[in-house]
Amino acid sequence: MAESTRRPVPAQAVAIPQDGGLVRTISWTGAFWIASGVPALVLFSIGSIAATIGTPSVLVWALSVFFGLIQSFTYAEIAGMFPQKSGGTSVYGAMAWVPYSKFVAPVSVWCNWLAWSPVLTIGAGLAAGYLLTALFPADAAINTWSVTLLDLGFLKDGLAVRFNAQFLIGAALLLLVFALQHHGVLRAARVQMVVGIAVLVPLLLVGLVPLLGGDVARHNFAPFVPLNGAWNLGGGTLFAGGLFLAAWSAYAFETAVCYTREFKNPGRDTAKALFSAGGVCVVIYLLVPFAFQGSLGVERLVSPGIVDGTGVAGAMVDMIGGGAFVGNLLIVMLILALLLTIMTTMAGSSRTLYQGARDGWLPRYLGRANKHGAPTRAMWTDLGFNLVLLLLSDYVFVLAASTVCYMVFNFLNLNAGWLHRVDNGHLERPWRAPTVLIVAGTVLAFVNALLLGWGSSVWGPGALWTGLVAAALVVPVFAYRHFVRDKGVFPPSMYEQTGGSVPVRKAGMRPYLTLAGGVAMVALGQVLAHVSG
């Protein structure tokens, strides 16, 4: 690119103190095994979605994972453009937005972290619940005692900050995962390969055994209408609510590109890691919900244990049979599946914080790695944040508020695909997506914005505003880092892939019109939800 078309980074830019940094120790297979915890995310909301939507929940999962697959083509392209960065697609997408607004870019990074980090809470809480249910009767004191610290009923009925056995066991599981992650991504990938094999097997069993055994009943899919009884506006709102919540799980294999900075060959490994993880997710997210609903039926789906997730393991034991021994073995494997999702999330979300600090979005202290190449300060921050969330009594509400942030991130990041092509067409792309799929991803960005406004209302009136307030918290954090600590200048390392220059804005008003369009879609969704309610 000619000198006249690029703006050099100011010489007075403040760099983050250097450390050992992340190291290139894994191939695409390592990232695949780290991301292998994503298929188990279906366990987090399969019950609540089925109990809320009814028989069309299988269609919800199929559409969601199809959307995620289309979006992954955009993410694979922009991830390959920045081989020196870690932290996932929000980091690469933020680079497209920064020439147009210093404040939009950090919102994308922050929302990606807020979307991913609560997996630690939900996974640890469900695993603790599985253990308590398997080891003790439901009316045992260890399962019933609880101390309420703060009532949050104004956000959602029954929501409170509480202290109980589930919190204690969940906290212990988080500390265990932290210890495994402490020695770097290569060791974590090796551990997760072993655990991942043990995890994918029960998920495949749950999906295949009922089908092969003839236990999937056709009548469990009829009538194929939402629980309100019709495909009217009210039924559409329920379906939108299902698509909204399922996105948090079904899109999530994009975490495979969080490790670009640690790939031995980032140009080759990035796309391979993403598409291999996506392929496994497509299989699991189609099979498991179909077998789950076909075996259990609607009456079982709406039971309290299925809705809150604590009874999902027991239901899956009933689906494959085999007696008490097989049942206990399956529960152990499901607990391992949840631990794997926690490991996947701690590895990915901590790197988002790490790279956000390196690029000047987030506090400096997060941008340091230990001698093993692990971003331990970011990991401690993740851990502390989730110990607070673990005190909440309703993890479905946490998931819904987290999904609000995830949809904001997806909207910004999918639009970063075409924006990078306009402003950064000169940058090398080791893997280039077909233009039609970049366009499809842009369309899905606006679909996600509509689902954000429309579907979030299904999960409580406070979910949307809780998520938006959480997303806005990055504004003062970024303002302090950028304008006070860095004197209004980004670290030079931020522009490493652009030849040390700030990209010139070639898209004119289109990015601002895109943001306005996104807001309009959210508003339209809110109107639809209000009219149907």
# chains A, B, ... in the order shown; residues from 1 in each chain; ligands from 1
$ residues_around --residues "stretch 383-390 of chain A" --least-positions-apart "6" --cutoff "7 Å" --atoms "only C-alpha atoms" --output "ChimeraX atom specification"
/A:118,120-121,125,167,171
$ select_by_dssp --residues "stretch 182-406 of chain A" --states "alpha helix (DSSP H)" --output "PyMOL selection string"
chain A and resi 185-212+233-250+266-301+304-308+312-320+323-358+376-389+395-406
$ write_last_selection --atoms "C-alpha atoms" --output "short mmCIF file (atom, residue, chain, number, x, y, z; two decimals), in the first residue's frame"
data_model
loop_
_atom_site.label_atom_id
_atom_site.label_comp_id
_atom_site.auth_asym_id
_atom_site.auth_seq_id
_atom_site.Cartn_x
_atom_site.Cartn_y
_atom_site.Cartn_z
CA VAL A 185 -1.44 -24.28 26.11
CA LEU A 186 0.55 -27.35 25.01
CA ARG A 187 0.05 -29.18 28.31
CA ALA A 188 -3.61 -28.10 28.39
CA ALA A 189 -4.12 -29.42 24.85
CA ARG A 190 -2.63 -32.80 25.78
CA VAL A 191 -4.89 -33.12 28.83
CA GLN A 192 -7.91 -32.06 26.83
CA MET A 193 -7.19 -34.60 24.09
CA VAL A 194 -7.53 -37.41 26.62
CA VAL A 195 -10.59 -35.89 28.28
CA GLY A 196 -12.08 -34.90 24.93
CA ILE A 197 -12.14 -38.49 23.70
CA ALA A 198 -13.90 -39.52 26.91
CA VAL A 199 -16.39 -36.69 26.43
CA LEU A 200 -17.31 -37.08 22.76
CA VAL A 201 -18.06 -40.78 23.26
CA PRO A 202 -21.01 -40.30 25.68
CA LEU A 203 -22.40 -37.46 23.59
CA LEU A 204 -22.34 -39.69 20.52
CA LEU A 205 -23.91 -42.52 22.54
CA VAL A 206 -26.71 -40.26 23.69
CA GLY A 207 -27.30 -39.23 20.08
CA LEU A 208 -26.99 -42.64 18.42
CA VAL A 209 -28.26 -45.29 20.88
CA PRO A 210 -31.91 -44.12 20.90
CA LEU A 211 -31.86 -43.84 17.10
CA LEU A 212 -30.31 -47.26 16.50
CA LEU A 233 -46.57 -14.05 16.64
CA GLY A 234 -46.50 -15.52 20.14
CA GLY A 235 -45.10 -18.81 18.82
CA GLY A 236 -42.58 -16.89 16.74
CA THR A 237 -41.42 -15.08 19.87
CA LEU A 238 -40.86 -18.39 21.65
CA PHE A 239 -38.95 -19.71 18.63
CA ALA A 240 -36.85 -16.53 18.50
CA GLY A 241 -36.11 -17.02 22.20
CA GLY A 242 -34.84 -20.51 21.45
CA LEU A 243 -32.61 -19.31 18.60
CA PHE A 244 -31.31 -16.53 20.82
CA LEU A 245 -30.24 -18.84 23.66
CA ALA A 246 -29.01 -21.67 21.43
CA ALA A 247 -26.63 -19.26 19.66
CA TRP A 248 -24.50 -19.08 22.79
CA SER A 249 -23.70 -22.78 22.39
CA ALA A 250 -24.11 -23.49 18.69
CA PRO A 266 -0.98 -19.95 11.86
CA GLY A 267 -1.71 -19.50 8.16
CA ARG A 268 -2.50 -23.18 7.72
CA ASP A 269 -3.71 -24.12 11.19
CA THR A 270 -6.32 -21.42 11.80
CA ALA A 271 -8.89 -22.51 9.21
CA LYS A 272 -8.26 -26.23 9.87
CA ALA A 273 -8.85 -25.82 13.60
CA LEU A 274 -12.07 -23.86 13.07
CA PHE A 275 -13.67 -26.09 10.46
CA SER A 276 -12.75 -29.36 12.21
CA ALA A 277 -14.29 -28.10 15.46
CA GLY A 278 -17.33 -26.89 13.51
CA GLY A 279 -17.80 -30.28 11.86
CA VAL A 280 -17.95 -32.08 15.20
CA CYS A 281 -20.39 -29.48 16.55
CA VAL A 282 -22.71 -29.91 13.58
CA VAL A 283 -22.91 -33.67 14.24
CA ILE A 284 -23.47 -33.33 18.00
CA TYR A 285 -25.92 -30.42 17.81
CA LEU A 286 -28.06 -32.26 15.26
CA LEU A 287 -27.97 -35.70 16.87
CA VAL A 288 -28.25 -35.01 20.60
CA PRO A 289 -31.29 -32.66 20.66
CA PHE A 290 -33.12 -34.91 18.15
CA ALA A 291 -32.53 -38.06 20.20
CA PHE A 292 -33.18 -36.17 23.45
CA GLN A 293 -36.63 -35.01 22.37
CA GLY A 294 -37.53 -38.15 20.44
CA SER A 295 -36.82 -40.36 23.44
CA LEU A 296 -38.22 -38.25 26.28
CA GLY A 297 -41.20 -36.43 24.82
CA VAL A 298 -42.61 -33.05 25.74
CA GLU A 299 -43.96 -34.04 29.16
CA ARG A 300 -40.50 -35.03 30.37
CA LEU A 301 -38.92 -32.01 28.71
CA PRO A 304 -38.16 -28.86 36.60
CA GLY A 305 -34.98 -30.95 36.56
CA ILE A 306 -34.73 -30.68 32.77
CA VAL A 307 -35.42 -26.96 32.80
CA ASP A 308 -32.72 -26.06 35.34
CA VAL A 312 -30.33 -33.68 32.22
CA ALA A 313 -27.73 -36.27 33.21
CA GLY A 314 -30.37 -38.57 34.71
CA ALA A 315 -32.54 -38.19 31.62
CA MET A 316 -29.67 -39.15 29.37
CA VAL A 317 -28.99 -42.23 31.50
CA ASP A 318 -32.60 -43.27 30.91
CA MET A 319 -32.14 -42.74 27.17
CA ILE A 320 -29.30 -45.23 26.72
CA GLY A 323 -28.37 -50.34 34.42
CA ALA A 324 -26.86 -48.56 37.41
CA PHE A 325 -23.22 -49.15 36.45
CA VAL A 326 -23.61 -47.70 32.95
CA GLY A 327 -25.66 -44.88 34.42
CA ASN A 328 -22.99 -43.92 36.93
CA LEU A 329 -20.30 -44.20 34.23
CA LEU A 330 -22.27 -41.89 31.96
CA ILE A 331 -22.71 -39.33 34.74
CA VAL A 332 -18.94 -39.39 35.37
CA MET A 333 -18.33 -38.84 31.66
CA LEU A 334 -20.84 -36.00 31.55
CA ILE A 335 -19.08 -34.35 34.49
CA LEU A 336 -15.83 -34.70 32.54
CA ALA A 337 -17.61 -33.09 29.59
CA LEU A 338 -18.49 -30.09 31.72
CA LEU A 339 -14.93 -29.87 33.03
CA LEU A 340 -13.73 -29.91 29.44
CA THR A 341 -15.98 -26.97 28.57
CA ILE A 342 -14.54 -25.10 31.56
CA MET A 343 -11.00 -25.81 30.36
CA THR A 344 -11.90 -24.70 26.83
CA THR A 345 -13.40 -21.47 28.15
CA MET A 346 -10.65 -20.57 30.59
CA ALA A 347 -8.07 -21.05 27.83
CA GLY A 348 -9.99 -18.97 25.30
CA SER A 349 -11.52 -16.20 27.39
CA SER A 350 -8.29 -15.50 29.28
CA ARG A 351 -6.51 -15.00 25.95
CA THR A 352 -9.18 -12.51 24.94
CA LEU A 353 -8.36 -10.49 28.06
CA TYR A 354 -4.63 -10.91 27.42
CA GLN A 355 -4.73 -9.67 23.82
CA GLY A 356 -7.18 -6.92 24.75
CA ALA A 357 -4.58 -5.60 27.19
CA ARG A 358 -1.75 -5.96 24.65
CA THR A 376 -2.17 -16.26 34.35
CA ARG A 377 -3.21 -12.73 35.35
CA ALA A 378 -6.10 -12.91 32.91
CA MET A 379 -6.91 -16.40 34.20
CA TRP A 380 -7.05 -15.15 37.81
CA THR A 381 -9.38 -12.37 36.68
CA ASP A 382 -11.61 -14.93 34.95
CA LEU A 383 -11.62 -17.07 38.07
CA GLY A 384 -12.49 -14.23 40.45
CA PHE A 385 -15.29 -12.96 38.21
CA ASN A 386 -16.85 -16.40 38.00
CA LEU A 387 -16.64 -17.09 41.71
CA VAL A 388 -18.98 -14.11 42.08
CA LEU A 389 -21.34 -15.40 39.35
CA TYR A 395 -27.70 -19.98 35.87
CA VAL A 396 -30.20 -19.76 32.97
CA PHE A 397 -30.51 -16.03 33.67
CA VAL A 398 -26.71 -15.73 33.66
CA LEU A 399 -26.66 -17.55 30.33
CA ALA A 400 -29.34 -15.25 28.85
CA ALA A 401 -27.55 -12.05 29.94
CA SER A 402 -24.29 -13.52 28.62
CA THR A 403 -25.96 -14.27 25.27
CA VAL A 404 -26.92 -10.61 24.96
CA CYS A 405 -23.22 -9.78 24.97
CA TYR A 406 -22.50 -12.62 22.57
#
$ closest_atom_pairs --of "stretch 98-142 of chain A" --to "stretch 27-51 of chain A" --cutoff "8 Å" --atoms "only C-alpha atoms" --output "JSON lines"
{"residue": "A:Ile122", "atom": "CA", "partner": "A:Phe44", "partner_atom": "CA", "distance": 7.3}
{"residue": "A:Gly123", "atom": "CA", "partner": "A:Phe44", "partner_atom": "CA", "distance": 7.5}
{"residue": "A:Leu126", "atom": "CA", "partner": "A:Phe44", "partner_atom": "CA", "distance": 7.9}
$ write_last_selection --atoms "C-alpha atoms" --output "PDB file, in the first residue's frame"
ATOM      1  CA  ILE A 122     -22.497 -22.558  34.451  1.00  0.00           C
ATOM      2  CA  GLY A 123     -20.253 -25.551  33.772  1.00  0.00           C
ATOM      3  CA  LEU A 126     -23.929 -28.012  36.632  1.00  0.00           C
TER       4      LEU A 126
END
$ atom_distance --atom1 "atom CA of A:Ser90" --atom2 "atom CA of A:Tyr495"
15.5 Å
$ select_by_dssp --residues "stretch 55-237 of chain A" --states "strand (DSSP E or B)" --output "list of chain:residue names"
A:Ser146, A:Val147, A:Thr148, A:Leu149, A:Leu150, A:Asp151, A:Ala160, A:Val161, A:Arg162, A:Phe163, A:Asn164, A:Pro226
